[in-house]
file input-v1.tsv (TSV, C-alpha atoms)
chain	number	residue	atom	x	y	z
A	1	MET	CA	0.00	0.00	0.00
A	2	LYS	CA	1.40	3.39	-0.98
A	3	GLU	CA	1.85	5.69	1.99
A	4	SER	CA	0.39	9.17	1.92
A	5	CYS	CA	2.51	11.98	0.49
A	6	ASP	CA	1.88	13.91	3.73
A	7	ASN	CA	4.00	11.37	5.62
A	8	PHE	CA	6.87	11.88	3.20
A	9	ALA	CA	6.59	15.67	2.95
A	10	GLU	CA	7.67	15.92	6.59
A	11	MET	CA	10.81	13.87	5.89
A	12	LEU	CA	11.87	15.66	2.68
A	13	VAL	CA	13.87	18.39	4.48
A	14	ASP	CA	15.89	15.79	6.38
A	15	TYR	CA	16.22	13.71	3.20
A	16	ALA	CA	17.58	16.72	1.29
A	17	ASP	CA	20.09	17.39	4.09
A	18	GLY	CA	21.08	13.73	4.34
A	19	GLY	CA	19.80	13.58	7.90
A	20	LEU	CA	17.67	10.43	7.64
A	21	SER	CA	18.62	6.93	8.66
A	22	PRO	CA	19.49	4.60	5.77
A	23	GLU	CA	16.12	2.82	6.16
A	24	GLN	CA	14.13	6.06	6.10
A	25	SER	CA	16.23	7.37	3.22
A	26	THR	CA	15.50	4.24	1.18
A	27	LYS	CA	11.80	4.52	1.97
A	28	VAL	CA	11.70	8.16	0.82
A	29	ALA	CA	13.74	7.35	-2.32
A	30	ASP	CA	11.29	4.57	-3.22
A	31	HIS	CA	8.35	6.94	-2.80
A	32	LEU	CA	10.09	9.63	-4.85
A	33	SER	CA	10.61	7.20	-7.71
A	34	GLU	CA	6.81	6.81	-7.95
A	35	CYS	CA	5.52	10.28	-7.00
A	36	GLU	CA	6.03	13.23	-9.35
A	37	ASP	CA	4.52	15.74	-6.89
A	38	CYS	CA	6.98	14.82	-4.14
A	39	ARG	CA	9.90	14.94	-6.62
A	40	ALA	CA	8.86	18.47	-7.61
A	41	LEU	CA	8.57	19.44	-3.94
A	42	LEU	CA	12.03	17.98	-3.22
A	43	ASN	CA	13.49	19.79	-6.22
A	44	GLY	CA	12.07	23.10	-4.99
A	45	LEU	CA	13.25	22.37	-1.47
A	46	GLN	CA	16.80	21.61	-2.67
A	47	LYS	CA	16.87	24.84	-4.67
A	48	SER	CA	15.68	26.78	-1.62
A	49	LEU	CA	18.27	25.14	0.60
A	50	GLU	CA	21.00	25.95	-1.93
A	51	LEU	CA	19.80	29.54	-2.01
A	52	ALA	CA	19.73	29.69	1.80
A	53	GLN	CA	23.28	28.28	1.90
A	54	VAL	CA	24.52	30.92	-0.57
A	55	ILE	CA	22.86	33.67	1.46
A	56	TRP	CA	24.27	32.23	4.68
A	57	GLU	CA	27.81	32.03	3.27
A	58	ASP	CA	27.50	35.56	1.87
A	59	ASN	CA	26.37	36.82	5.27
A	60	LEU	CA	29.31	35.07	6.97
A	61	SER	CA	31.82	36.58	4.53
A	62	GLN	CA	30.43	40.07	5.17
A	63	THR	CA	30.59	39.48	8.92
A	64	THR	CA	34.22	38.37	8.86
A	65	GLU	CA	35.28	41.26	6.61
A	66	THR	CA	33.76	43.89	8.86
A	67	ILE	CA	35.12	44.18	12.35
A	68	GLY	CA	33.06	46.47	14.45
A	69	ILE	CA	31.93	46.98	17.97
A	70	PRO	CA	28.18	46.98	18.39
A	71	ALA	CA	26.64	50.15	19.73
A	72	PRO	CA	25.67	50.08	23.40
A	73	GLY	CA	22.16	48.82	23.99
A	74	ARG	CA	22.03	47.16	20.57
A	75	ILE	CA	22.22	43.45	20.41
A	76	ARG	CA	23.28	41.96	17.13
A	77	ARG	CA	20.76	39.33	16.09
A	78	ARG	CA	21.48	36.39	13.93
A	79	SER	CA	19.80	36.78	10.58
A	80	TRP	CA	19.53	33.07	9.74
A	81	PRO	CA	15.89	32.79	10.90
A	82	ARG	CA	14.95	35.34	8.24
A	83	TYR	CA	16.77	33.33	5.60
A	84	ALA	CA	15.17	30.10	6.79
A	85	ALA	CA	11.75	31.74	6.60
A	86	ALA	CA	12.56	32.99	3.09
A	87	ALA	CA	13.63	29.48	2.07
A	88	ILE	CA	10.38	28.03	3.40
A	89	LEU	CA	8.38	30.63	1.51
A	90	ILE	CA	10.28	29.86	-1.69
A	91	VAL	CA	9.68	26.12	-1.26
A	92	SER	CA	5.98	26.73	-0.67
A	93	ALA	CA	5.70	28.97	-3.73
A	94	ILE	CA	7.50	26.45	-5.95
A	95	SER	CA	5.35	23.60	-4.63
A	96	ILE	CA	2.08	25.45	-5.18
A	97	THR	CA	3.16	26.62	-8.63
A	98	SER	CA	4.19	23.13	-9.73
A	99	ARG	CA	0.90	21.65	-8.54
A	100	ILE	CA	-1.07	24.29	-10.42
A	101	ILE	CA	0.96	23.78	-13.59
A	102	ASN	CA	0.80	19.97	-13.44
A	103	LYS	CA	-2.99	19.74	-12.93
A	104	PRO	CA	-4.99	19.00	-16.09
A	105	ALA	CA	-7.33	21.70	-17.25
A	106	LYS	CA	-10.92	21.24	-16.09
A	107	ASP	CA	-12.17	20.96	-19.67
A	108	GLU	CA	-9.78	18.14	-20.53
A	109	PRO	CA	-11.05	14.66	-19.65
A	110	THR	CA	-8.85	12.48	-17.51
A	111	PHE	CA	-7.59	9.12	-18.68
A	112	ALA	CA	-10.05	7.38	-16.35
A	113	GLU	CA	-12.99	9.29	-17.86
A	114	ILE	CA	-11.91	8.40	-21.40
A	115	GLU	CA	-11.46	4.77	-20.42
A	116	ARG	CA	-14.92	4.73	-18.78
A	117	LYS	CA	-16.56	6.18	-21.92
A	118	ILE	CA	-14.86	3.60	-24.14
A	119	THR	CA	-16.01	0.79	-21.84
A	120	GLU	CA	-19.59	2.11	-21.82
A	121	ALA	CA	-19.64	2.43	-25.62
A	122	GLY	CA	-18.37	-1.14	-25.98
A	123	ASN	CA	-20.94	-2.52	-23.54
A	124	ALA	CA	-23.76	-0.64	-25.27
A	125	ALA	CA	-22.64	-1.84	-28.71
A	126	ARG	CA	-22.55	-5.48	-27.51
A	127	LEU	CA	-26.04	-5.21	-26.01
A	128	LEU	CA	-27.33	-3.59	-29.21
A	129	ALA	CA	-25.82	-6.35	-31.35
A	130	ALA	CA	-27.39	-9.02	-29.11
A	131	ALA	CA	-30.78	-7.26	-29.24
A	132	ASP	CA	-30.57	-6.98	-33.03
A	133	LEU	CA	-29.81	-10.70	-33.30
A	134	LEU	CA	-32.76	-11.54	-31.03
A	135	GLY	CA	-34.97	-9.22	-33.10
A	136	ALA	CA	-34.94	-11.80	-35.88
A	137	TYR	CA	-37.18	-14.03	-33.74
A	138	SER	CA	-40.76	-12.84	-33.39
A	139	GLU	CA	-41.27	-14.56	-30.01
A	140	ALA	CA	-38.43	-12.46	-28.47
A	141	GLU	CA	-39.97	-9.10	-29.42
A	142	THR	CA	-40.74	-7.98	-25.82
A	143	ILE	CA	-37.25	-8.92	-24.62
A	144	VAL	CA	-35.68	-7.05	-27.53
A	145	LYS	CA	-37.69	-3.89	-26.74
A	146	GLN	CA	-36.62	-4.15	-23.07
A	147	GLN	CA	-32.99	-4.44	-24.18
A	148	TYR	CA	-33.30	-1.36	-26.40
A	149	ARG	CA	-34.83	0.63	-23.50
A	150	ARG	CA	-32.08	-0.57	-21.17
A	151	ILE	CA	-29.40	0.59	-23.63
A	152	VAL	CA	-31.05	4.02	-23.91
A	153	GLU	CA	-31.38	4.38	-20.11
A	154	THR	CA	-28.01	2.92	-19.09
A	155	TYR	CA	-25.79	4.30	-21.87
A	156	PRO	CA	-27.54	7.49	-23.06
A	157	ASP	CA	-24.42	9.19	-24.47
A	158	THR	CA	-23.41	6.38	-26.83
A	159	SER	CA	-24.10	5.87	-30.51
A	160	ALA	CA	-25.69	2.51	-29.63
A	161	ALA	CA	-28.26	4.38	-27.50
A	162	SER	CA	-29.10	6.60	-30.49
A	163	LYS	CA	-29.71	3.52	-32.65
A	164	ALA	CA	-31.71	1.82	-29.88
A	165	LYS	CA	-33.96	4.90	-29.56
A	166	LEU	CA	-34.90	4.52	-33.22
A	167	GLN	CA	-35.91	0.90	-32.60
A	168	VAL	CA	-38.05	1.75	-29.54
A	169	GLU	CA	-39.97	4.58	-31.20

call {"tool": "encode", "arguments": {"input": "input-v1.tsv", "output": "structure tokens"}}
result
Amino acid sequence: MKESCDNFAEMLVDYADGGLSPEQSTKVADHLSECEDCRALLNGLQKSLELAQVIWEDNLSQTTETIGIPAPGRIRRRSWPRYAAAAILIVSAISITSRIINKPAKDEPTFAEIERKITEAGNAARLLAAADLLGAYSEAETIVKQQYRRIVETYPDTSAASKAKLQVE
């Protein structure tokens, strides 16, 4: 059974940093091989972490180049929480954007819908062919009419239903 992406989303930061146990790392890697959404999230997370690292290193180089004594009453705060918050915001933005881009348009049918329509058309065509064959026997007339009605009611959007309507009328 495939575990929920929510379970893996919590481990992606540690996975990107290499902070997971070998077992957990293997589990996440297996999930990533099957889940495009989580791969996109990991990709965005890695880019954000790289950006945070560049910002962090840049901040450290500026700090070491400048030697100064802080003014009295002013405490110098570490700026890494701001960068971490920026990285989280970037990851969130990338994740949301990739999910919006990767979703099919509402007007486009999904593969499952297309497959369902093909199956319905095939079932309706088989029932119509069987009813047409039975129509050759006068004693099966009531059964044939019932079959035509069933095709029209069950599979109304198929070409077989259109043909069955003509037979019922």

call {"tool": "atom_distance", "arguments": {"input": "input-v1.tsv", "atom1": "atom CA of A:Glu115", "atom2": "atom CA of A:Ala160"}}
result
17.1 Å

call {"tool": "closest_residue", "arguments": {"input": "input-v1.tsv", "among": "A:Val144, A:Leu32, A:Ala164, A:Leu89", "to": "A:Leu49", "atoms": "only C-alpha atoms"}}
result
A:Leu89

call {"tool": "closest_residue", "arguments": {"input": "input-v1.tsv", "among": "A:Ile90, A:Cys5, A:Ala131, A:Ala125", "to": "A:Glu36", "atoms": "all atoms listed in the file"}}
result
A:Cys5

call {"tool": "closest_residue", "arguments": {"input": "input-v1.tsv", "among": "A:Ala16, A:Ile151, A:Ile88, A:Ala140", "to": "A:Gly122", "atoms": "only C-alpha atoms"}}
result
A:Ile151

call {"tool": "residues_near_point", "arguments": {"input": "input-v1.tsv", "point": "(13.6, 22.7, 0.4)", "cutoff": "8 Å", "atoms": "all atoms listed in the file", "output": "PyMOL selection string"}}
result
chain A and resi 12-13+16+41-49+87-88+91

call {"tool": "atom_distance", "arguments": {"input": "input-v1.tsv", "atom1": "atom CA of A:Leu127", "atom2": "atom CA of A:Glu139"}}
result
18.3 Å

call {"tool": "closest_residue", "arguments": {"input": "input-v1.tsv", "among": "A:His31, A:Lys165, A:Arg116, A:Arg39", "to": "A:Arg150", "atoms": "only C-alpha atoms"}}
result
A:Lys165
